[in-house]
file start_14.cif (mmCIF, C-alpha atoms and all ligand atoms)
data_coords
#
loop_
_atom_site.label_atom_id
_atom_site.label_comp_id
_atom_site.auth_asym_id
_atom_site.auth_seq_id
_atom_site.Cartn_x
_atom_site.Cartn_y
_atom_site.Cartn_z
CA MET A 1 52.61 35.66 56.13
CA THR A 2 56.08 34.78 54.99
CA SER A 3 56.67 33.62 51.47
CA TYR A 4 59.79 31.67 50.65
CA VAL A 5 61.85 31.31 47.51
CA VAL A 6 61.92 27.54 47.06
CA ALA A 7 63.60 27.12 43.66
CA LEU A 8 64.77 28.87 40.54
CA GLU A 9 61.98 28.71 37.99
CA LYS A 10 64.32 27.42 35.29
CA ASP A 11 65.33 24.51 37.54
CA VAL A 12 61.80 23.14 37.44
CA ARG A 13 61.59 21.32 34.13
CA PRO A 14 58.96 19.11 32.52
CA ASN A 15 59.14 15.39 33.40
CA SER A 16 61.33 15.96 36.40
CA ILE A 17 61.02 16.53 40.09
CA VAL A 18 62.77 19.05 42.31
CA ARG A 19 63.15 18.78 46.07
CA SER A 20 63.31 21.78 48.32
CA MET A 21 62.48 23.03 51.79
CA MET A 22 60.31 25.69 53.35
CA GLY A 23 61.53 26.04 56.92
CA ASP A 24 61.46 22.51 58.29
CA THR A 25 59.00 21.36 55.67
CA PRO A 26 60.31 19.18 52.85
CA LEU A 27 58.83 20.04 49.48
CA VAL A 28 58.33 18.32 46.17
CA ILE A 29 58.15 20.69 43.22
CA TRP A 30 57.07 19.67 39.73
CA ARG A 31 55.87 21.19 36.49
CA GLY A 32 52.76 19.61 35.03
CA SER A 33 51.89 19.36 31.35
CA SER A 34 49.70 22.46 31.79
CA GLY A 35 52.99 24.32 32.37
CA ALA A 36 52.05 25.23 35.93
CA ILE A 37 54.50 24.63 38.77
CA HIS A 38 53.21 22.79 41.82
CA VAL A 39 54.70 22.95 45.30
CA TRP A 40 53.53 20.20 47.65
CA LEU A 41 54.51 18.66 50.94
CA ASP A 42 57.03 15.93 50.13
CA CYS A 43 55.03 13.24 51.81
CA CYS A 44 52.67 10.74 50.25
CA PRO A 45 49.26 10.69 51.98
CA HIS A 46 49.33 6.93 51.54
CA ARG A 47 52.32 5.79 53.59
CA SER A 48 54.17 9.04 54.23
CA VAL A 49 57.16 8.24 52.03
CA ARG A 50 58.69 10.95 49.88
CA LEU A 51 56.58 11.90 46.89
CA SER A 52 59.78 13.18 45.31
CA ALA A 53 60.93 9.57 44.92
CA GLY A 54 58.11 9.09 42.40
CA ARG A 55 57.74 10.17 38.80
CA ASN A 56 56.44 13.23 37.05
CA MET A 57 54.30 11.85 34.24
CA GLY A 58 53.17 15.28 33.03
CA ASP A 59 49.45 14.99 33.73
CA TYR A 60 50.06 13.42 37.09
CA LEU A 61 52.66 12.62 39.72
CA GLU A 62 53.02 8.94 40.50
CA GLY A 63 53.86 7.56 43.96
CA VAL A 64 56.93 5.36 43.85
CA TYR A 65 55.76 2.42 45.92
CA HIS A 66 52.15 1.78 45.05
CA GLY A 67 51.64 3.89 41.98
CA TRP A 68 49.03 6.28 43.34
CA ARG A 69 48.34 9.05 40.86
CA PHE A 70 47.99 12.70 41.86
CA ASP A 71 46.60 15.13 39.31
CA GLU A 72 47.86 18.71 39.03
CA THR A 73 45.47 19.86 41.75
CA GLY A 74 46.86 17.26 44.19
CA LEU A 75 43.83 14.99 44.05
CA VAL A 76 44.36 11.22 43.99
CA THR A 77 42.80 10.03 40.74
CA LEU A 78 43.94 6.42 40.67
CA VAL A 79 44.84 3.78 43.23
CA PRO A 80 45.99 0.70 41.30
CA ALA A 81 45.20 -1.63 44.20
CA LEU A 82 41.58 -0.45 44.10
CA GLN A 83 41.52 -0.57 40.31
CA GLY A 84 40.12 2.93 40.29
CA ARG A 85 39.60 6.06 42.35
CA PRO A 86 39.21 5.88 46.11
CA SER A 87 35.65 6.61 47.27
CA GLU A 88 36.58 9.64 49.39
CA ASP A 89 38.83 12.51 48.27
CA ILE A 90 42.47 12.01 49.16
CA ARG A 91 44.87 14.86 48.42
CA ALA A 92 48.47 15.84 48.59
CA THR A 93 49.19 18.87 50.78
CA VAL A 94 49.38 21.74 48.30
CA TYR A 95 51.00 25.12 49.02
CA SER A 96 50.14 28.46 47.56
CA THR A 97 52.64 29.29 44.84
CA ALA A 98 53.73 32.26 42.78
CA LEU A 99 56.38 32.98 40.16
CA ALA A 100 58.28 36.25 40.30
CA ASP A 101 61.70 37.39 39.08
CA GLY A 102 62.63 33.89 37.92
CA PHE A 103 62.01 32.40 41.36
CA VAL A 104 59.40 29.94 42.52
CA TRP A 105 57.80 31.25 45.71
CA ALA A 106 55.67 29.29 48.13
CA SER A 107 53.80 29.90 51.32
CA ASP A 108 51.52 28.23 53.83
CA ASP A 109 49.03 31.04 53.31
CA ALA A 110 48.55 33.33 50.37
CA CYS A 111 51.88 33.66 48.61
CA THR A 112 53.20 37.21 48.27
CA PRO A 113 56.59 37.48 46.58
CA ALA A 114 58.88 40.26 47.73
CA GLU A 115 60.53 42.67 45.31
CA SER A 116 63.85 41.64 43.85
CA ALA A 117 66.25 43.04 41.34
CA GLY A 118 68.13 41.53 38.43
CA GLU A 119 68.68 38.04 37.14
CA PRO A 120 68.51 35.10 39.56
CA CYS A 121 71.73 33.12 39.80
CA TYR A 122 73.39 30.07 41.26
CA PRO A 123 71.82 29.15 44.62
CA VAL A 124 74.28 28.72 47.47
CA HIS A 125 73.82 26.31 50.32
CA ILE A 126 75.24 27.48 53.65
CA ALA A 127 75.53 25.23 56.69
CA ALA A 128 74.54 27.95 59.17
CA PRO A 129 71.19 28.98 60.69
CA ILE A 130 69.19 31.54 58.73
CA ASP A 131 69.51 34.24 61.41
CA GLN A 132 73.28 34.21 61.09
CA VAL A 133 73.11 34.30 57.31
CA ARG A 134 70.62 37.15 57.35
CA GLN A 135 73.14 39.38 59.14
CA GLN A 136 75.67 38.85 56.36
CA VAL A 137 73.66 39.32 53.18
CA ASP A 138 71.54 42.04 51.68
CA THR A 139 68.03 40.60 51.75
CA ALA A 140 66.90 43.02 49.06
CA VAL A 141 68.90 41.05 46.47
CA ASP A 142 69.34 37.67 48.19
CA HIS A 143 66.36 35.53 49.11
CA LEU A 144 66.82 33.13 51.97
CA THR A 145 65.09 29.86 52.73
CA PRO A 146 65.87 27.98 55.94
CA TRP A 147 66.80 24.32 55.40
CA GLY A 148 65.86 22.80 58.71
CA THR A 149 67.19 24.78 61.66
CA GLN A 150 70.92 24.57 60.93
CA GLU A 151 71.18 25.29 57.22
CA THR A 152 70.15 27.96 54.76
CA MET A 153 69.69 28.18 51.03
CA VAL A 154 70.55 31.55 49.51
CA TYR A 155 69.00 32.49 46.18
CA PRO A 156 70.99 35.49 44.98
CA THR A 157 70.39 37.82 42.08
CA GLY A 158 72.86 39.81 40.02
CA ASN A 159 75.98 38.83 38.14
CA PRO A 160 76.42 35.06 38.69
CA GLU A 161 80.24 34.92 38.83
CA GLN A 162 80.54 37.92 41.11
CA ARG A 163 77.71 36.94 43.43
CA ARG A 164 79.01 33.40 43.69
CA ALA A 165 82.40 34.69 44.80
CA GLU A 166 80.84 36.97 47.41
CA LEU A 167 78.59 34.27 48.79
CA SER A 168 81.37 31.69 48.89
CA ALA A 169 83.35 34.09 51.07
CA ILE A 170 80.35 34.55 53.37
CA ARG A 171 79.84 30.80 53.48
CA LEU A 172 83.45 30.25 54.44
CA ARG A 173 83.24 32.82 57.23
CA LEU A 174 80.03 31.38 58.66
CA GLU A 175 80.92 27.73 58.39
CA GLU A 176 84.37 28.14 59.80
CA SER A 177 83.26 30.19 62.80
CA MET B 1 85.91 -12.41 26.05
CA ILE B 2 86.46 -9.82 28.78
CA GLN B 3 86.19 -11.17 32.31
CA LEU B 4 84.89 -8.78 34.93
CA HIS B 5 85.31 -9.45 38.63
CA ASP B 6 82.12 -7.83 39.69
CA TYR B 7 79.89 -6.96 42.62
CA PRO B 8 76.37 -5.67 41.90
CA LEU B 9 76.32 -3.17 44.80
CA SER B 10 79.64 -1.57 43.89
CA GLY B 11 79.47 1.80 42.18
CA ASN B 12 82.95 1.23 40.80
CA CYS B 13 81.81 -2.00 39.13
CA PHE B 14 78.77 -0.17 37.79
CA LYS B 15 81.06 2.21 35.88
CA VAL B 16 82.73 -0.65 34.06
CA ARG B 17 79.48 -2.48 33.26
CA PHE B 18 77.96 0.76 32.01
CA LEU B 19 80.78 1.52 29.60
CA MET B 20 80.97 -2.05 28.31
CA ASP B 21 77.22 -1.92 27.60
CA GLN B 22 77.63 1.40 25.82
CA LEU B 23 80.42 -0.07 23.69
CA ASP B 24 78.42 -3.25 23.01
CA LEU B 25 81.21 -5.42 24.42
CA ASP B 26 80.71 -9.04 25.32
CA TYR B 27 81.82 -9.78 28.83
CA GLN B 28 81.44 -12.32 31.53
CA SER B 29 80.86 -11.30 35.16
CA THR B 30 82.37 -13.33 37.97
CA LEU B 31 80.58 -12.31 41.13
CA VAL B 32 82.75 -11.63 44.15
CA ASP B 33 81.01 -11.79 47.51
CA PHE B 34 82.15 -8.41 48.82
CA TYR B 35 79.73 -8.15 51.71
CA PRO B 36 79.22 -10.07 53.95
CA GLY B 37 81.72 -12.62 52.54
CA TYR B 38 84.79 -10.29 52.21
CA GLU B 39 85.83 -12.50 49.32
CA HIS B 40 87.85 -9.60 47.83
CA LYS B 41 90.23 -10.04 50.78
CA SER B 42 90.57 -13.79 50.23
CA PRO B 43 93.95 -15.27 49.17
CA ARG B 44 92.40 -16.38 45.88
CA PHE B 45 91.28 -12.85 44.98
CA LEU B 46 94.41 -11.14 46.33
CA LYS B 47 96.33 -13.05 43.69
CA ILE B 48 94.23 -11.27 41.06
CA ASN B 49 94.39 -7.87 42.76
CA PRO B 50 96.81 -7.47 45.66
CA LEU B 51 94.92 -4.32 46.71
CA GLY B 52 91.84 -6.42 47.35
CA GLN B 53 89.60 -4.04 45.44
CA LEU B 54 86.92 -4.35 42.81
CA PRO B 55 86.49 -4.15 39.86
CA VAL B 56 89.21 -6.01 37.99
CA ILE B 57 89.05 -7.00 34.34
CA GLU B 58 91.00 -9.61 32.44
CA ASP B 59 91.28 -9.07 28.72
CA ASN B 60 93.74 -10.38 26.12
CA GLY B 61 96.07 -11.72 28.79
CA GLN B 62 96.13 -8.41 30.69
CA THR B 63 94.77 -7.89 34.18
CA ILE B 64 93.67 -4.34 34.92
CA ARG B 65 92.47 -3.06 38.25
CA ASP B 66 91.00 0.32 39.32
CA ALA B 67 87.69 1.50 37.90
CA GLN B 68 89.09 4.71 36.38
CA ALA B 69 92.03 2.89 34.77
CA ILE B 70 89.64 0.33 33.32
CA LEU B 71 87.48 3.08 31.82
CA VAL B 72 90.53 4.58 30.13
CA TYR B 73 91.62 1.13 28.92
CA LEU B 74 88.22 0.19 27.49
CA ALA B 75 87.63 3.54 25.81
CA THR B 76 91.09 3.53 24.28
CA ALA B 77 90.88 -0.07 23.08
CA TYR B 78 87.28 -0.36 21.98
CA ASP B 79 85.56 3.01 21.48
CA THR B 80 85.56 3.42 17.72
CA SER B 81 83.44 6.58 17.96
CA GLY B 82 86.14 8.30 20.00
CA THR B 83 83.52 10.16 22.03
CA TRP B 84 84.01 8.59 25.45
CA PHE B 85 87.65 9.63 25.84
CA PRO B 86 88.34 12.21 23.14
CA ARG B 87 91.99 12.86 22.53
CA ASP B 88 91.88 16.62 22.77
CA ARG B 89 90.04 16.64 26.12
CA GLN B 90 92.12 14.13 28.04
CA GLY B 91 93.52 16.64 30.52
CA GLU B 92 90.06 17.70 31.60
CA ILE B 93 88.91 14.11 31.74
CA TYR B 94 91.81 12.98 33.93
CA GLN B 95 90.97 15.77 36.31
CA TRP B 96 87.46 14.30 36.75
CA LEU B 97 88.84 10.77 37.04
CA ALA B 98 90.93 11.95 39.98
CA PHE B 99 87.84 13.66 41.35
CA ALA B 100 86.01 10.33 41.10
CA ASP B 101 88.69 8.80 43.31
CA GLU B 102 87.99 11.46 45.90
CA LEU B 103 84.29 10.60 45.71
CA THR B 104 85.18 6.98 46.43
CA GLY B 105 87.21 8.10 49.45
CA SER B 106 84.41 10.23 50.88
CA ILE B 107 80.84 9.56 49.74
CA SER B 108 81.41 5.89 49.04
CA ALA B 109 83.19 5.51 52.37
CA ALA B 110 80.18 7.02 54.15
CA ARG B 111 77.96 4.55 52.33
CA LEU B 112 80.15 1.60 53.32
CA HIS B 113 79.88 2.82 56.88
CA ASP B 114 76.08 3.10 56.80
CA ALA B 115 75.18 0.15 54.63
CA MET B 116 77.96 -2.32 55.27
CA PHE B 117 79.05 -1.31 58.78
CA TYR B 118 82.62 -0.30 58.00
CA SER B 119 84.31 1.51 60.86
CA LEU B 120 85.68 4.86 59.79
CA ASP B 121 85.27 8.56 60.58
CA VAL B 122 81.91 9.04 58.91
CA ALA B 123 81.48 12.71 59.89
CA LYS B 124 84.73 13.54 58.14
CA ALA B 125 83.77 11.47 55.09
CA ARG B 126 80.41 13.27 54.82
CA ALA B 127 81.96 16.71 55.26
CA ARG B 128 84.42 15.97 52.47
CA GLY B 129 81.61 14.55 50.33
CA THR B 130 79.55 17.70 50.81
CA LYS B 131 82.49 19.85 49.69
CA LEU B 132 82.88 17.77 46.55
CA LEU B 133 79.17 17.90 45.77
CA ARG B 134 79.21 21.67 46.00
CA ILE B 135 82.08 21.74 43.53
CA VAL B 136 80.31 19.52 40.97
CA ASP B 137 76.99 21.28 41.41
CA GLU B 138 78.54 24.65 40.81
CA HIS B 139 80.55 23.38 37.87
CA LEU B 140 77.42 21.88 36.31
CA TRP B 141 75.34 24.97 36.94
CA PHE B 142 77.80 27.07 34.99
CA THR B 143 78.20 24.53 32.18
CA GLU B 144 74.40 24.31 31.88
CA LYS B 145 74.29 28.06 31.71
CA ASP B 146 76.55 27.84 28.64
CA GLY B 147 74.19 25.28 27.12
CA HIS B 148 76.10 22.10 27.96
CA ASP B 149 74.85 18.93 29.61
CA TRP B 150 77.98 17.05 30.70
CA LEU B 151 80.99 17.48 32.98
CA VAL B 152 83.27 18.06 30.02
CA PRO B 153 81.37 20.54 27.86
CA LEU B 154 80.83 18.45 24.73
CA PRO B 155 77.61 17.39 22.98
CA HIS B 156 77.93 13.88 24.47
CA PRO B 157 78.95 12.30 27.79
CA THR B 158 82.52 11.10 28.41
CA ILE B 159 84.12 8.69 30.87
CA ALA B 160 84.36 11.69 33.22
CA ASP B 161 80.58 11.45 33.71
CA VAL B 162 80.72 7.66 34.00
CA ALA B 163 83.42 7.86 36.68
CA CYS B 164 81.65 10.47 38.77
CA LEU B 165 78.04 9.38 38.50
CA PRO B 166 77.57 6.31 40.70
CA TYR B 167 78.82 7.54 44.07
CA ILE B 168 77.03 10.84 43.62
CA ALA B 169 73.82 9.01 42.75
CA LEU B 170 74.28 6.78 45.80
CA ALA B 171 75.10 9.63 48.21
CA GLU B 172 71.87 9.33 50.15
CA GLU B 173 72.76 5.75 51.07
CA GLY B 174 75.69 7.31 52.90
CA GLY B 175 73.51 9.86 54.69
CA ILE B 176 74.38 12.80 52.43
CA ASP B 177 71.33 14.73 51.29
CA LEU B 178 71.35 15.54 47.58
CA ALA B 179 68.49 18.03 47.73
CA PRO B 180 70.70 21.15 47.91
CA TYR B 181 72.32 20.32 44.55
CA PRO B 182 69.77 20.91 41.79
CA SER B 183 72.25 20.90 38.91
CA VAL B 184 73.60 17.57 40.07
CA ALA B 185 70.05 16.20 40.11
CA ARG B 186 69.46 17.30 36.52
CA TRP B 187 72.78 15.87 35.37
CA MET B 188 72.00 12.51 37.00
CA GLU B 189 68.63 12.51 35.33
CA ARG B 190 70.18 13.13 31.92
CA PHE B 191 72.62 10.31 32.57
CA MET B 192 69.92 7.89 33.61
CA ARG B 193 68.02 8.56 30.42
CA LEU B 194 70.93 7.44 28.26
CA GLU B 195 70.32 4.41 26.05
CA LYS B 196 71.27 1.10 27.64
CA PHE B 197 71.49 2.61 31.12
CA LYS B 198 70.81 -0.08 33.71
CA PRO B 199 70.48 1.28 37.24
CA MET B 200 72.14 -0.49 40.11
CA PRO B 201 70.28 -1.07 43.38
CA GLY B 202 69.89 2.11 45.41
CA MET B 203 70.53 4.37 42.47
CA MET B 204 67.06 4.95 41.24
CA PRO B 205 64.69 2.11 40.66
CA LEU B 206 62.52 3.75 38.06
CA GLU B 207 62.37 3.90 34.37
CA MET B 208 61.98 7.60 33.63
CA PRO B 209 59.72 8.92 30.90
CA LYS B 210 61.88 9.10 27.82
CA GLU B 211 61.50 12.70 26.63
CA THR B 212 64.51 14.69 27.85
CA PRO B 213 63.75 17.85 29.80
S1 LIG C 301 53.24 5.37 49.73
FE1 LIG C 301 52.75 6.70 48.10
S2 LIG C 301 51.76 5.35 46.73
FE2 LIG C 301 51.91 4.15 48.55
#

call {"tool": "encode", "arguments": {"input": "start_14.cif", "output": "structure tokens"}}
result
Amino acid sequence: MTSYVVALEKDVRPNSIVRSMMGDTPLVIWRGSSGAIHVWLDCCPHRSVRLSAGRNMGDYLEGVYHGWRFDETGLVTLVPALQGRPSEDIRATVYSTALADGFVWASDDACTPAESAGEPCYPVHIAAPIDQVRQQVDTAVDHLTPWGTQETMVYPTGNPEQRRAELSAIRLRLEES
Amino acid sequence: MIQLHDYPLSGNCFKVRFLMDQLDLDYQSTLVDFYPGYEHKSPRFLKINPLGQLPVIEDNGQTIRDAQAILVYLATAYDTSGTWFPRDRQGEIYQWLAFADELTGSISAARLHDAMFYSLDVAKARARGTKLLRIVDEHLWFTEKDGHDWLVPLPHPTIADVACLPYIALAEEGGIDLAPYPSVARWMERFMRLEKFKPMPGMMPLEMPKETP
């Protein structure tokens, strides 16, 4: 199945939280104290608010409203209101993840990163559907992730200054048309 | 003592409070009922600021309006460290102060529309806001790449960061998604971890773990 680039690896730092998208699916991305990067559905199984509004405490992610704790596997390990763990297993929705070429990849199924070349550089956000963007860029060096149905995130590789200039021109063309 | 005509939900007032806290200045806040009272348009307040805008400070017999002007005034008068408005970087800093004005005219306008029911062309305000966010995000990505953390590449923040932060941090209250701007998110996080930072409502309610990423 399709794997998506969802972030630059270097953007995902300890103690912080990154938001991204995979198609129409909002994602919360965080690096745990084990060093591993986790990509989850950005939706708290408690009341469906954004998990990304919470905090990355290293060993666990903490829900913003009621302080539920999720360990690095996505399991709820503490519900303050219950003064302990819930009796049944409650989990965040966890996606299969891989790191390749400086990108964080994610997928609904097994994650299989595509080949890329060179150093990843500044991601460019284009307010145009992914199909239109795909016709304009070379998908061997640029990885695309749809942001909803109308927008696209392009993760290019190569020389940052040069690629940025090229993609800005493409963005202008697509957004103005 | 410095008098600040203040409104807790105003990003422009936040800038002034933030810098005065950083400089350990004593000040007294007079709260102006901006919404729903529209007290800033009252005859009493218009005497203080004919533009009917917040914040205004009164200090040593002077009355100064405009958030950016107040930042310059306070840093020049009271910043003994010279780091908030360094002499040799003033050109760059003024450029970001002007940029902050544009943020007020776009992102903050969209927020006034959504949160306080102002009537204005919100689609236009958001489109402009998005353009500005792309510019800051890109700028910050490239400064980070060179190992710097702040808008003006120095080892410490300046009033450029103070002027630009609040309306960017409040963008989502105006219906502008911040998710596509990862460098902006990291910069805001660094800012919010500064000593004596007190968030304003809507900005980010949480105390972050203290170790810097
Ligand atoms: S909604 Fe997530 S902890 Fe309650």

call {"tool": "residues_around", "arguments": {"input": "start_14.cif", "residues": "Ile107 in chain B", "least_positions_apart": "5", "cutoff": "10 Å", "atoms": "all atoms listed in the file", "output": "ChimeraX atom specification"}}
result
/B:102,112-113,122,125-130,132-133,167-176

call {"tool": "residues_near_ligand", "arguments": {"input": "start_14.cif", "ligand": "ligand LIG 301 (chain C)", "cutoff": "7 Å", "atoms": "all atoms listed in the file", "output": "count of residues only"}}
result
13

call {"tool": "closest_atom_pairs", "arguments": {"input": "start_14.cif", "of": "chain A", "to": "chain B", "cutoff": "10 Å", "atoms": "only C-alpha atoms", "output": "Markdown table"}}
result
| residue | atom | partner | partner_atom | distance |
| --- | --- | --- | --- | --- |
| A:Ala7 | CA | B:Pro182 | CA | 9.0 |
| A:Leu8 | CA | B:Pro182 | CA | 9.5 |
| A:Asp11 | CA | B:Pro182 | CA | 7.1 |
| A:Val12 | CA | B:Pro182 | CA | 9.3 |
| A:Arg13 | CA | B:Pro213 | CA | 6.0 |
| A:Pro14 | CA | B:Pro213 | CA | 5.7 |
| A:Asn15 | CA | B:Pro213 | CA | 6.3 |
| A:Ser16 | CA | B:Pro213 | CA | 7.3 |
| A:Ile17 | CA | B:Ala185 | CA | 9.0 |
| A:Val18 | CA | B:Pro182 | CA | 7.3 |
| A:Arg19 | CA | B:Ala179 | CA | 5.6 |
| A:Ser20 | CA | B:Ala179 | CA | 6.4 |
| A:Met21 | CA | B:Ala179 | CA | 8.8 |
| A:Pro26 | CA | B:Ala179 | CA | 9.7 |
| A:Ala53 | CA | B:Met204 | CA | 8.5 |
| A:Gly54 | CA | B:Leu206 | CA | 8.2 |
| A:Arg55 | CA | B:Met208 | CA | 7.2 |
| A:Asn56 | CA | B:Pro209 | CA | 8.2 |
| A:Met57 | CA | B:Pro209 | CA | 7.0 |
| A:Gly58 | CA | B:Pro209 | CA | 9.4 |
| A:Val64 | CA | B:Leu206 | CA | 8.2 |
| A:Cys121 | CA | B:Trp141 | CA | 9.4 |
| A:Tyr122 | CA | B:Trp141 | CA | 7.0 |
| A:Pro123 | CA | B:Pro180 | CA | 8.7 |
| A:Val124 | CA | B:Pro180 | CA | 8.4 |
| A:His125 | CA | B:Pro180 | CA | 6.5 |
| A:Ile126 | CA | B:Pro180 | CA | 9.7 |
| A:Trp147 | CA | B:Pro180 | CA | 9.0 |
| A:Thr152 | CA | B:Pro180 | CA | 9.7 |
| A:Met153 | CA | B:Pro180 | CA | 7.8 |
| A:Pro160 | CA | B:Phe142 | CA | 8.9 |
| A:Glu161 | CA | B:Phe142 | CA | 9.1 |
| A:Arg164 | CA | B:Glu138 | CA | 9.2 |

call {"tool": "residues_near_point", "arguments": {"input": "start_14.cif", "point": "(44.9, 9.8, 42.0)", "cutoff": "10 Å", "atoms": "all atoms listed in the file", "output": "list in words"}}
result
Tyr60, Leu61, Glu62, Gly63, Gly67, Trp68, Arg69, Phe70, Asp71, Glu72, Gly74, Leu75, Val76, Thr77, Leu78, Val79, Pro80, Gly84, Arg85, Pro86, Asp89, Ile90, Arg91 and Ala92 of chain A

call {"tool": "write_last_selection", "arguments": {"input": "start_14.cif", "atoms": "C-alpha atoms", "output": "short mmCIF file (atom, residue, chain, number, x, y, z; two decimals), in the frame of the given file"}}
result
data_model
loop_
_atom_site.label_atom_id
_atom_site.label_comp_id
_atom_site.auth_asym_id
_atom_site.auth_seq_id
_atom_site.Cartn_x
_atom_site.Cartn_y
_atom_site.Cartn_z
CA TYR A 60 50.06 13.42 37.09
CA LEU A 61 52.66 12.62 39.72
CA GLU A 62 53.02 8.94 40.50
CA GLY A 63 53.86 7.56 43.96
CA GLY A 67 51.64 3.89 41.98
CA TRP A 68 49.03 6.28 43.34
CA ARG A 69 48.34 9.05 40.86
CA PHE A 70 47.99 12.70 41.86
CA ASP A 71 46.60 15.13 39.31
CA GLU A 72 47.86 18.71 39.03
CA GLY A 74 46.86 17.26 44.19
CA LEU A 75 43.83 14.99 44.05
CA VAL A 76 44.36 11.22 43.99
CA THR A 77 42.80 10.03 40.74
CA LEU A 78 43.94 6.42 40.67
CA VAL A 79 44.84 3.78 43.23
CA PRO A 80 45.99 0.70 41.30
CA GLY A 84 40.12 2.93 40.29
CA ARG A 85 39.60 6.06 42.35
CA PRO A 86 39.21 5.88 46.11
CA ASP A 89 38.83 12.51 48.27
CA ILE A 90 42.47 12.01 49.16
CA ARG A 91 44.87 14.86 48.42
CA ALA A 92 48.47 15.84 48.59
#

call {"tool": "residues_around", "arguments": {"input": "start_14.cif", "residues": "Met1 in chain B", "least_positions_apart": "6", "cutoff": "7 Å", "atoms": "only C-alpha atoms", "output": "ChimeraX atom specification"}}
result
/B:26-27,59

call {"tool": "atom_distance", "arguments": {"input": "start_14.cif", "atom1": "CA of Asp59 in chain A", "atom2": "CA of Ile37 in chain A"}}
result
12.0 Å

call {"tool": "atom_distance", "arguments": {"input": "start_14.cif", "atom1": "CA of Thr83 in chain B", "atom2": "CA of Pro157 in chain B"}}
result
7.7 Å

call {"tool": "closest_residue", "arguments": {"input": "start_14.cif", "among": "B:Pro166, B:Gly105, B:Pro50, B:Gly91", "to": "Pro199 in chain B", "atoms": "all atoms listed in the file"}}
result
B:Pro166

call {"tool": "atom_distance", "arguments": {"input": "start_14.cif", "atom1": "CA of Asp79 in chain B", "atom2": "CA of Leu23 in chain B"}}
result
6.4 Å

call {"tool": "residues_around", "arguments": {"input": "start_14.cif", "residues": "Arg163 in chain A", "least_positions_apart": "4", "cutoff": "12 Å", "atoms": "only C-alpha atoms", "output": "list in words"}}
result
Gly118, Glu119, Pro120, Cys121, Tyr122, Pro123, Val124, Val137, Asp138, Val141, Asp142, Val154, Tyr155, Pro156, Thr157, Gly158, Asn159, Leu167, Ser168, Ala169, Ile170 and Arg171 of chain A

call {"tool": "write_last_selection", "arguments": {"input": "start_14.cif", "atoms": "C-alpha atoms", "output": "CSV table (one decimal), in the frame of the given file"}}
result
chain,number,residue,atom,x,y,z
A,118,GLY,CA,68.1,41.5,38.4
A,119,GLU,CA,68.7,38.0,37.1
A,120,PRO,CA,68.5,35.1,39.6
A,121,CYS,CA,71.7,33.1,39.8
A,122,TYR,CA,73.4,30.1,41.3
A,123,PRO,CA,71.8,29.2,44.6
A,124,VAL,CA,74.3,28.7,47.5
A,137,VAL,CA,73.7,39.3,53.2
A,138,ASP,CA,71.5,42.0,51.7
A,141,VAL,CA,68.9,41.0,46.5
A,142,ASP,CA,69.3,37.7,48.2
A,154,VAL,CA,70.6,31.6,49.5
A,155,TYR,CA,69.0,32.5,46.2
A,156,PRO,CA,71.0,35.5,45.0
A,157,THR,CA,70.4,37.8,42.1
A,158,GLY,CA,72.9,39.8,40.0
A,159,ASN,CA,76.0,38.8,38.1
A,167,LEU,CA,78.6,34.3,48.8
A,168,SER,CA,81.4,31.7,48.9
A,169,ALA,CA,83.4,34.1,51.1
A,170,ILE,CA,80.4,34.6,53.4
A,171,ARG,CA,79.8,30.8,53.5

call {"tool": "residues_around", "arguments": {"input": "start_14.cif", "residues": "Pro36 in chain B", "least_positions_apart": "2", "cutoff": "12 Å", "atoms": "only C-alpha atoms", "output": "list in words"}}
result
Tyr7, Leu9, Val32, Asp33, Phe34, Tyr38, Glu39, His40, Lys41, Leu112, Ala115, Met116, Phe117 and Tyr118 of chain B

call {"tool": "residues_around", "arguments": {"input": "start_14.cif", "residues": "range 72-74 of chain B", "least_positions_apart": "4", "cutoff": "10 Å", "atoms": "only C-alpha atoms", "output": "list in words"}}
result
Val16, Leu19, Met20, Leu23, Leu25, Ile57, Asp59, Ile64, Ala67, Gln68, Tyr78, Asp79, Trp84, Phe85, Gln90, Ile93, Tyr94, Leu97, Ile159 and Ala160 of chain B

call {"tool": "residues_near_point", "arguments": {"input": "start_14.cif", "point": "(60.2, 16.2, 50.3)", "cutoff": "6 Å", "atoms": "all atoms listed in the file", "output": "list in words"}}
result
Arg19, Pro26, Leu27, Val28, Asp42, Arg50 and Ser52 of chain A

call {"tool": "closest_residue", "arguments": {"input": "start_14.cif", "among": "B:Gln95, B:Arg89, B:Leu120, B:Pro201", "to": "Leu154 in chain B", "atoms": "all atoms listed in the file"}}
result
B:Arg89
